[in-house]
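Asks: What follows is the file my_file-v1.cif, containing mmCIF, C-alpha atoms; chains and numbers go by the auth columns:
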```
data_model
loop_
_atom_site.group_PDB
_atom_site.id
_atom_site.type_symbol
_atom_site.label_atom_id
_atom_site.label_comp_id
_atom_site.label_asym_id
_atom_site.label_seq_id
_atom_site.Cartn_x
_atom_site.Cartn_y
_atom_site.Cartn_z
_atom_site.B_iso_or_equiv
_atom_site.auth_seq_id
_atom_site.auth_asym_id
ATOM 1 C CA MET A 1 72.159 205.199 48.351 0.00 16 J
ATOM 2 C CA GLU A 2 75.235 203.538 46.908 0.00 17 J
ATOM 3 C CA ALA A 3 74.793 201.031 44.127 0.00 18 J
ATOM 4 C CA ARG A 4 75.597 197.454 45.077 0.00 19 J
ATOM 5 C CA LYS A 5 78.221 195.925 42.851 0.00 20 J
ATOM 6 C CA ARG A 6 79.045 192.248 42.685 0.00 21 J
ATOM 7 C CA LEU A 7 82.358 191.351 44.302 0.00 22 J
ATOM 8 C CA LYS A 8 84.962 189.676 42.142 0.00 23 J
ATOM 9 C CA LYS A 9 86.504 186.389 43.220 0.00 24 J
ATOM 10 C CA GLY A 10 89.724 187.985 44.530 0.00 25 J
ATOM 11 C CA GLU A 11 87.840 190.582 46.594 0.00 26 J
ATOM 12 C CA ARG A 12 85.650 187.888 48.155 0.00 27 J
ATOM 13 C CA SER A 13 88.635 185.846 49.305 0.00 28 J
ATOM 14 C CA ASP A 14 90.216 188.963 50.918 0.00 29 J
ATOM 15 C CA ILE A 15 87.062 189.565 52.935 0.00 30 J
ATOM 16 C CA ARG A 16 86.858 185.899 53.933 0.00 31 J
ATOM 17 C CA LYS A 17 90.465 186.055 55.171 0.00 32 J
ATOM 18 C CA ASP A 18 89.476 189.009 57.389 0.00 33 J
ATOM 19 C CA LEU A 19 86.545 186.990 58.722 0.00 34 J
ATOM 20 C CA ARG A 20 88.782 183.991 59.409 0.00 35 J
ATOM 21 C CA ASP A 21 90.911 186.153 61.728 0.00 36 J
ATOM 22 C CA VAL A 22 87.982 186.760 64.102 0.00 37 J
ATOM 23 C CA HIS A 23 89.622 185.134 67.108 0.00 38 J
ATOM 24 C CA TYR A 24 93.027 186.790 66.731 0.00 39 J
ATOM 25 C CA PRO A 25 93.978 189.984 68.598 0.00 40 J
ATOM 26 C CA GLY A 26 93.314 193.168 66.655 0.00 41 J
ATOM 27 C CA SER A 27 90.188 191.910 64.916 0.00 42 J
ATOM 28 C CA ALA A 28 86.846 192.481 66.601 0.00 43 J
ATOM 29 C CA GLY A 29 83.473 194.227 66.212 0.00 44 J
ATOM 30 C CA LEU A 30 81.068 191.337 66.678 0.00 45 J
ATOM 31 C CA GLN A 31 77.872 192.747 68.238 0.00 46 J
ATOM 32 C CA ARG A 32 75.728 192.471 65.140 0.00 47 J
ATOM 33 C CA TYR A 33 78.118 190.150 63.329 0.00 48 J
ATOM 34 C CA ALA A 34 75.573 187.554 62.276 0.00 49 J
ATOM 35 C CA LYS A 35 73.184 190.074 60.688 0.00 50 J
ATOM 36 C CA LEU A 36 75.722 191.916 58.539 0.00 51 J
ATOM 37 C CA SER A 37 76.577 191.351 54.905 0.00 52 J
ATOM 38 C CA LEU A 38 79.937 189.804 54.002 0.00 53 J
ATOM 39 C CA ARG A 39 81.556 193.163 53.182 0.00 54 J
ATOM 40 C CA LYS A 40 80.242 194.909 56.301 0.00 55 J
ATOM 41 C CA ARG A 41 81.342 192.000 58.535 0.00 56 J
ATOM 42 C CA SER A 42 84.966 192.463 57.541 0.00 57 J
ATOM 43 C CA GLU A 43 84.788 196.230 58.193 0.00 58 J
ATOM 44 C CA THR A 44 83.240 195.891 61.659 0.00 59 J
ATOM 45 C CA LEU A 45 85.830 193.338 62.740 0.00 60 J
ATOM 46 C CA LYS A 46 88.436 196.083 62.933 0.00 61 J
ATOM 47 C CA GLU A 47 86.367 198.521 65.061 0.00 62 J
ATOM 48 C CA GLU A 48 86.343 196.996 68.547 0.00 63 J
ATOM 49 C CA LYS A 49 89.318 196.712 70.903 0.00 64 J
ATOM 50 C CA PRO A 50 91.002 193.304 71.069 0.00 65 J
ATOM 51 C CA HIS A 51 90.572 191.001 74.071 0.00 66 J
ATOM 52 C CA THR A 52 87.024 192.157 74.750 0.00 67 J
ATOM 53 C CA TYR A 53 85.411 188.907 73.670 0.00 68 J
ATOM 54 C CA ALA A 54 85.974 185.154 73.598 0.00 69 J
ATOM 55 C CA LEU A 55 84.815 182.847 70.848 0.00 70 J
ATOM 56 C CA ALA A 56 83.988 179.154 70.489 0.00 71 J
ATOM 57 C CA THR A 57 82.865 177.280 67.380 0.00 72 J
ATOM 58 C CA ALA A 58 81.423 173.836 66.754 0.00 73 J
ATOM 59 C CA ARG A 59 81.757 172.883 63.116 0.00 74 J
ATOM 60 C CA TYR A 60 80.054 170.211 61.027 0.00 75 J
ATOM 61 C CA VAL A 61 77.355 169.514 63.623 0.00 76 J
ATOM 62 C CA ARG A 62 74.885 167.043 62.111 0.00 77 J
ATOM 63 C CA MET A 63 71.765 169.149 62.679 0.00 78 J
ATOM 64 C CA SER A 64 69.794 171.420 60.423 0.00 79 J
ATOM 65 C CA PRO A 65 70.858 175.090 60.824 0.00 80 J
ATOM 66 C CA ARG A 66 67.211 176.141 60.837 0.00 81 J
ATOM 67 C CA LYS A 67 66.511 174.012 63.920 0.00 82 J
ATOM 68 C CA VAL A 68 69.705 175.054 65.722 0.00 83 J
ATOM 69 C CA ARG A 69 68.882 178.743 65.141 0.00 84 J
ATOM 70 C CA LEU A 70 65.675 178.303 67.152 0.00 85 J
ATOM 71 C CA VAL A 71 67.791 177.437 70.206 0.00 86 J
ATOM 72 C CA VAL A 72 70.553 179.999 69.577 0.00 87 J
ATOM 73 C CA ASP A 73 67.974 182.798 69.320 0.00 88 J
ATOM 74 C CA LEU A 74 66.855 182.028 72.891 0.00 89 J
ATOM 75 C CA ILE A 75 70.250 182.835 74.455 0.00 90 J
ATOM 76 C CA ARG A 76 71.497 185.768 72.374 0.00 91 J
ATOM 77 C CA GLY A 77 72.195 188.774 74.628 0.00 92 J
ATOM 78 C CA LYS A 78 71.565 186.883 77.898 0.00 93 J
ATOM 79 C CA LYS A 79 73.911 186.628 80.902 0.00 94 J
ATOM 80 C CA LEU A 80 75.906 183.383 81.160 0.00 95 J
ATOM 81 C CA GLU A 81 73.939 181.908 84.094 0.00 96 J
ATOM 82 C CA GLU A 82 70.599 182.744 82.469 0.00 97 J
ATOM 83 C CA ALA A 83 71.701 181.221 79.151 0.00 98 J
ATOM 84 C CA ARG A 84 72.814 178.029 80.947 0.00 99 J
ATOM 85 C CA ALA A 85 69.411 177.735 82.649 0.00 100 J
ATOM 86 C CA ILE A 86 67.519 178.316 79.399 0.00 101 J
ATOM 87 C CA LEU A 87 69.540 175.653 77.581 0.00 102 J
ATOM 88 C CA LYS A 88 69.181 173.156 80.435 0.00 103 J
ATOM 89 C CA TYR A 89 65.380 173.248 80.218 0.00 104 J
ATOM 90 C CA THR A 90 64.966 173.642 76.465 0.00 105 J
ATOM 91 C CA PRO A 91 63.519 170.422 75.017 0.00 106 J
ATOM 92 C CA HIS A 92 65.350 170.673 71.670 0.00 107 J
ATOM 93 C CA ARG A 93 68.108 168.253 70.690 0.00 108 J
ATOM 94 C CA ALA A 94 70.284 171.195 69.626 0.00 109 J
ATOM 95 C CA ALA A 95 70.263 172.640 73.158 0.00 110 J
ATOM 96 C CA GLU A 96 72.885 170.126 74.301 0.00 111 J
ATOM 97 C CA VAL A 97 75.349 171.059 71.540 0.00 112 J
ATOM 98 C CA VAL A 98 74.748 174.802 71.981 0.00 113 J
ATOM 99 C CA ALA A 99 75.321 174.415 75.738 0.00 114 J
ATOM 100 C CA LYS A 100 78.690 172.756 75.056 0.00 115 J
ATOM 101 C CA VAL A 101 79.742 175.592 72.753 0.00 116 J
ATOM 102 C CA LEU A 102 78.588 178.180 75.321 0.00 117 J
ATOM 103 C CA GLU A 103 80.623 176.502 78.081 0.00 118 J
ATOM 104 C CA SER A 104 83.654 176.398 75.791 0.00 119 J
ATOM 105 C CA ALA A 105 83.336 180.105 74.926 0.00 120 J
ATOM 106 C CA ALA A 106 82.983 181.010 78.621 0.00 121 J
ATOM 107 C CA ALA A 107 86.029 178.884 79.513 0.00 122 J
ATOM 108 C CA ASN A 108 88.014 180.553 76.714 0.00 123 J
ATOM 109 C CA GLY A 109 87.190 183.958 78.191 0.00 124 J
ATOM 110 C CA MET A 110 87.976 183.054 81.790 0.00 125 J
ATOM 111 C CA ASN A 111 91.163 181.070 81.200 0.00 126 J
ATOM 112 C CA ASP A 112 92.919 183.283 78.634 0.00 127 J
ATOM 113 C CA ASP A 113 95.526 185.449 80.402 0.00 128 J
ATOM 114 C CA ARG A 114 94.833 188.412 78.122 0.00 129 J
ATOM 115 C CA LYS A 115 91.060 188.370 78.654 0.00 130 J
ATOM 116 C CA ASN A 116 90.660 187.348 82.346 0.00 131 J
ATOM 117 C CA MET A 117 86.860 187.574 82.248 0.00 132 J
ATOM 118 C CA ILE A 118 84.876 187.262 85.475 0.00 133 J
ATOM 119 C CA GLU A 119 82.179 184.583 85.334 0.00 134 J
ATOM 120 C CA ASP A 120 79.446 186.774 86.863 0.00 135 J
ATOM 121 C CA GLN A 121 79.929 189.485 84.229 0.00 136 J
ATOM 122 C CA ILE A 122 79.994 187.272 81.106 0.00 137 J
ATOM 123 C CA TYR A 123 77.112 187.558 78.646 0.00 138 J
ATOM 124 C CA VAL A 124 76.394 186.194 75.154 0.00 139 J
ATOM 125 C CA LYS A 125 77.582 188.996 72.894 0.00 140 J
ATOM 126 C CA ALA A 126 76.768 187.263 69.618 0.00 141 J
ATOM 127 C CA ALA A 127 75.557 183.825 68.619 0.00 142 J
ATOM 128 C CA TYR A 128 74.918 182.616 65.126 0.00 143 J
ATOM 129 C CA VAL A 129 74.598 179.451 63.069 0.00 144 J
ATOM 130 C CA ASP A 130 76.017 179.093 59.578 0.00 145 J
ATOM 131 C CA GLU A 131 75.197 176.316 57.166 0.00 146 J
ATOM 132 C CA GLY A 132 77.853 173.648 56.656 0.00 147 J
ATOM 133 C CA PRO A 133 78.146 171.216 53.760 0.00 148 J
ATOM 134 C CA ALA A 134 75.103 169.005 53.183 0.00 149 J
ATOM 135 C CA ILE A 135 75.567 165.238 53.094 0.00 150 J
ATOM 136 C CA LYS A 136 73.638 164.010 50.067 0.00 151 J
ATOM 137 C CA ARG A 137 71.780 160.699 50.027 0.00 152 J
ATOM 138 C CA VAL A 138 69.593 159.131 47.351 0.00 153 J
ATOM 139 C CA LEU A 139 66.135 157.730 48.087 0.00 154 J
ATOM 140 C CA PRO A 140 64.860 155.330 45.387 0.00 155 J
ATOM 141 C CA ARG A 141 61.374 156.140 44.075 0.00 156 J
ATOM 142 C CA ALA A 142 58.853 154.550 41.731 0.00 157 J
ATOM 143 C CA ARG A 143 59.616 153.748 38.063 0.00 158 J
ATOM 144 C CA GLY A 144 63.385 153.946 38.472 0.00 159 J
ATOM 145 C CA SER A 145 63.534 157.566 39.594 0.00 160 J
ATOM 146 C CA ALA A 146 65.219 158.853 42.727 0.00 161 J
ATOM 147 C CA ASN A 147 64.908 161.735 45.159 0.00 162 J
ATOM 148 C CA MET A 148 67.850 163.527 46.748 0.00 163 J
ATOM 149 C CA ILE A 149 67.938 163.780 50.537 0.00 164 J
ATOM 150 C CA LYS A 150 70.113 166.545 51.969 0.00 165 J
ATOM 151 C CA LYS A 151 71.329 165.851 55.488 0.00 166 J
ATOM 152 C CA ARG A 152 72.314 169.337 56.546 0.00 167 J
ATOM 153 C CA THR A 153 75.176 170.325 58.851 0.00 168 J
ATOM 154 C CA SER A 154 75.735 173.458 60.945 0.00 169 J
ATOM 155 C CA HIS A 155 78.610 175.613 62.139 0.00 170 J
ATOM 156 C CA ILE A 156 77.652 177.054 65.543 0.00 171 J
ATOM 157 C CA THR A 157 79.553 180.114 66.791 0.00 172 J
ATOM 158 C CA ILE A 158 79.089 181.771 70.175 0.00 173 J
ATOM 159 C CA ILE A 159 80.912 184.942 71.208 0.00 174 J
ATOM 160 C CA VAL A 160 80.876 186.019 74.844 0.00 175 J
ATOM 161 C CA GLY A 161 81.873 189.393 76.260 0.00 176 J
ATOM 162 C CA GLU A 162 82.092 191.062 79.625 0.00 177 J
ATOM 163 C CA LYS A 163 79.508 193.554 80.897 0.00 178 J
ATOM 164 C CA ASN A 164 80.816 196.047 83.426 0.00 179 J
ATOM 165 C CA GLY A 165 78.420 196.679 86.255 0.00 180 J
#
```
Can you dump the structure from the file as structure tokens?
Replies:
Amino acid sequence: MEARKRLKKGERSDIRKDLRDVHYPGSAGLQRYAKLSLRKRSETLKEEKPHTYALATARYVRMSPRKVRLVVDLIRGKKLEEARAILKYTPHRAAEVVAKVLESAAANGMNDDRKNMIEDQIYVKAAYVDEGPAIKRVLPRARGSANMIKKRTSHITIIVGEKNG
């Protein structure tokens, strides 16, 4: 088992640059993207062939990532039509936003000339929610003290691919 060493600042920014290039041709490998560590994410991006997936992101959504993950977990790995049906009848507030991102990802796959995905064969390849910046508010308390309220934001990413058969 290899010893884990802490990445230096320069190494971290290189890996983040690789991650930022997710939606460009030549960078792929997103099946287990959300569950991998930062270093492993950048390595797996290079493995898959380009144009095999389409991606859509909603950033700075004013919902707690923990609550949005409950909805995103329902559709991961499902076919497009099944995911749409699940989101339509899910009583969570986040379902509406996730549905919009899913529709955007599907449209990106179908309308891009290089991808040309067929709607019946599209499935949710990966879906994950990252934490965005928290908006901080102060709640006055007794005897001149105050409590901090963190209004959390989310970055929702959905990646769709095409299943043959």
Asks: Selected by the PyMOL selection byres ((chain J and resi 86) around 8) in the shown coordinates: which residues, as number ranges by chain?
Replies: J: 82-85, 87-90, 102, 105, 107, 109-110, 113
Asks: With all atoms listed in the file as the atoms that count, which of J:Ile171, J:Ala120, J:Met125, J:Ala100 lies nearest to J:Arg77?
Replies: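 Checking each of J:Ile171, J:Ala120, J:Met125, J:Ala100 against J:Arg77, counting all atoms listed in the file, the winner is J:Ile171.
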Asks: For the point (79.0, 183.7, 71.7) in the file's frame, write as a count of residues only all residues with an atom no more than 10 Å away, counting only C-alpha atoms.
Replies: 31
Asks: Interatomic distance between atom CA of J:Asn179 and atom CA of J:Gly124?
Replies: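 Answer for the atom CA of J:Asn179 to atom CA of J:Gly124 separation: 14.6 Å.
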Asks: Once 6 Å is added on each side, what are the centre and the three edge lengths, in Å to one decimal, of the axis-aligned box enclosing the listed atoms of stretch 129-134 of chain J? Present them as lines of an AutoDock Vina configuration file.
Replies:
```
center_x = 88.5
center_y = 186.5
center_z = 81.8
size_x = 24.7
size_y = 15.8
size_z = 19.4
```
Asks: Record the distance separating atom CA of J:Val144 and atom CA of J:Asn131, expressed in Å with one decimal.
Replies: 26.3 Å
Asks: To one decimal place, how far is atom CA of J:Gln136 from atom CA of J:Ala114 in Å?
Replies: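 Atom CA of J:Ala114 lies 17.9 Å from atom CA of J:Gln136.
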Asks: Using the chain letters and numbers from this file, what does the PyMOL selection byres ((chain J and resi 150-164) around 12) select? Give the answer as a list of chain:residue names.
Replies: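 Applied to this file, the PyMOL selection byres ((chain J and resi 150-164) around 12) selects J:Tyr75, J:Val76, J:Arg77, J:Met78, J:Ser79, J:Glu146, J:Gly147, J:Pro148, J:Ala149, J:Lys165, J:Lys166, J:Arg167, J:Thr168, J:Ser169.
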Asks: With C-alpha atoms retained, could you export that selection as a PDB file, in the coordinates of the input?
Replies:
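Printed below is part.pdb as written:
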```
ATOM      1  CA  TYR J  75      80.054 170.211  61.027  1.00  0.00           C
ATOM      2  CA  VAL J  76      77.355 169.514  63.623  1.00  0.00           C
ATOM      3  CA  ARG J  77      74.885 167.043  62.111  1.00  0.00           C
ATOM      4  CA  MET J  78      71.765 169.149  62.679  1.00  0.00           C
ATOM      5  CA  SER J  79      69.794 171.420  60.423  1.00  0.00           C
ATOM      6  CA  GLU J 146      75.197 176.316  57.166  1.00  0.00           C
ATOM      7  CA  GLY J 147      77.853 173.648  56.656  1.00  0.00           C
ATOM      8  CA  PRO J 148      78.146 171.216  53.760  1.00  0.00           C
ATOM      9  CA  ALA J 149      75.103 169.005  53.183  1.00  0.00           C
ATOM     10  CA  LYS J 165      70.113 166.545  51.969  1.00  0.00           C
ATOM     11  CA  LYS J 166      71.329 165.851  55.488  1.00  0.00           C
ATOM     12  CA  ARG J 167      72.314 169.337  56.546  1.00  0.00           C
ATOM     13  CA  THR J 168      75.176 170.325  58.851  1.00  0.00           C
ATOM     14  CA  SER J 169      75.735 173.458  60.945  1.00  0.00           C
TER      15      SER J 169
END
```
Asks: So, counting all atoms listed in the file, which residue among J:Asp135, J:Ala73, J:Asp145, J:Lys94 is closest to J:Glu111?
Replies: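 Of J:Asp135, J:Ala73, J:Asp145, J:Lys94, the one nearest J:Glu111, counting all atoms listed in the file, is J:Ala73.
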Asks: Since fewer atoms than expected are present, regenerate N, CA, C and O atoms for stretch 105-117 of chain J and write them as an mmCIF file, in the frame of the given file.
Replies:
```cif
data_model
loop_
_atom_site.group_PDB
_atom_site.id
_atom_site.type_symbol
_atom_site.label_atom_id
_atom_site.label_comp_id
_atom_site.auth_asym_id
_atom_site.auth_seq_id
_atom_site.Cartn_x
_atom_site.Cartn_y
_atom_site.Cartn_z
ATOM 1 N N THR J 105 65.515 173.576 77.818
ATOM 2 C CA THR J 105 64.966 173.642 76.465
ATOM 3 C C THR J 105 64.871 172.228 75.904
ATOM 4 O O THR J 105 65.856 171.504 75.893
ATOM 5 N N PRO J 106 63.699 171.807 75.430
ATOM 6 C CA PRO J 106 63.519 170.422 75.017
ATOM 7 C C PRO J 106 64.026 170.087 73.608
ATOM 8 O O PRO J 106 63.684 169.038 73.080
ATOM 9 N N HIS J 107 64.829 170.944 73.009
ATOM 10 C CA HIS J 107 65.350 170.673 71.670
ATOM 11 C C HIS J 107 66.640 169.870 71.755
ATOM 12 O O HIS J 107 67.421 170.020 72.695
ATOM 13 N N ARG J 108 66.881 169.050 70.739
ATOM 14 C CA ARG J 108 68.108 168.253 70.690
ATOM 15 C C ARG J 108 69.325 169.157 70.536
ATOM 16 O O ARG J 108 70.410 168.856 71.032
ATOM 17 N N ALA J 109 69.163 170.275 69.872
ATOM 18 C CA ALA J 109 70.284 171.195 69.626
ATOM 19 C C ALA J 109 70.749 171.896 70.894
ATOM 20 O O ALA J 109 71.873 172.391 70.954
ATOM 21 N N ALA J 110 69.920 171.922 71.929
ATOM 22 C CA ALA J 110 70.263 172.640 73.158
ATOM 23 C C ALA J 110 71.524 172.076 73.797
ATOM 24 O O ALA J 110 72.332 172.819 74.362
ATOM 25 N N GLU J 111 71.706 170.772 73.704
ATOM 26 C CA GLU J 111 72.885 170.126 74.301
ATOM 27 C C GLU J 111 74.170 170.592 73.618
ATOM 28 O O GLU J 111 75.157 170.916 74.286
ATOM 29 N N VAL J 112 74.160 170.640 72.295
ATOM 30 C CA VAL J 112 75.349 171.059 71.540
ATOM 31 C C VAL J 112 75.630 172.537 71.767
ATOM 32 O O VAL J 112 76.777 172.936 71.971
ATOM 33 N N VAL J 113 74.585 173.362 71.766
ATOM 34 C CA VAL J 113 74.748 174.802 71.981
ATOM 35 C C VAL J 113 75.291 175.055 73.386
ATOM 36 O O VAL J 113 76.141 175.931 73.589
ATOM 37 N N ALA J 114 74.830 174.275 74.367
ATOM 38 C CA ALA J 114 75.321 174.415 75.738
ATOM 39 C C ALA J 114 76.817 174.114 75.815
ATOM 40 O O ALA J 114 77.571 174.806 76.510
ATOM 41 N N LYS J 115 77.257 173.096 75.077
ATOM 42 C CA LYS J 115 78.690 172.756 75.056
ATOM 43 C C LYS J 115 79.514 173.896 74.473
ATOM 44 O O LYS J 115 80.575 174.248 74.999
ATOM 45 N N VAL J 116 79.023 174.489 73.390
ATOM 46 C CA VAL J 116 79.742 175.592 72.753
ATOM 47 C C VAL J 116 79.764 176.810 73.681
ATOM 48 O O VAL J 116 80.778 177.493 73.803
ATOM 49 N N LEU J 117 78.661 177.066 74.371
ATOM 50 C CA LEU J 117 78.588 178.180 75.321
ATOM 51 C C LEU J 117 79.592 177.989 76.455
ATOM 52 O O LEU J 117 80.315 178.919 76.813
#
```
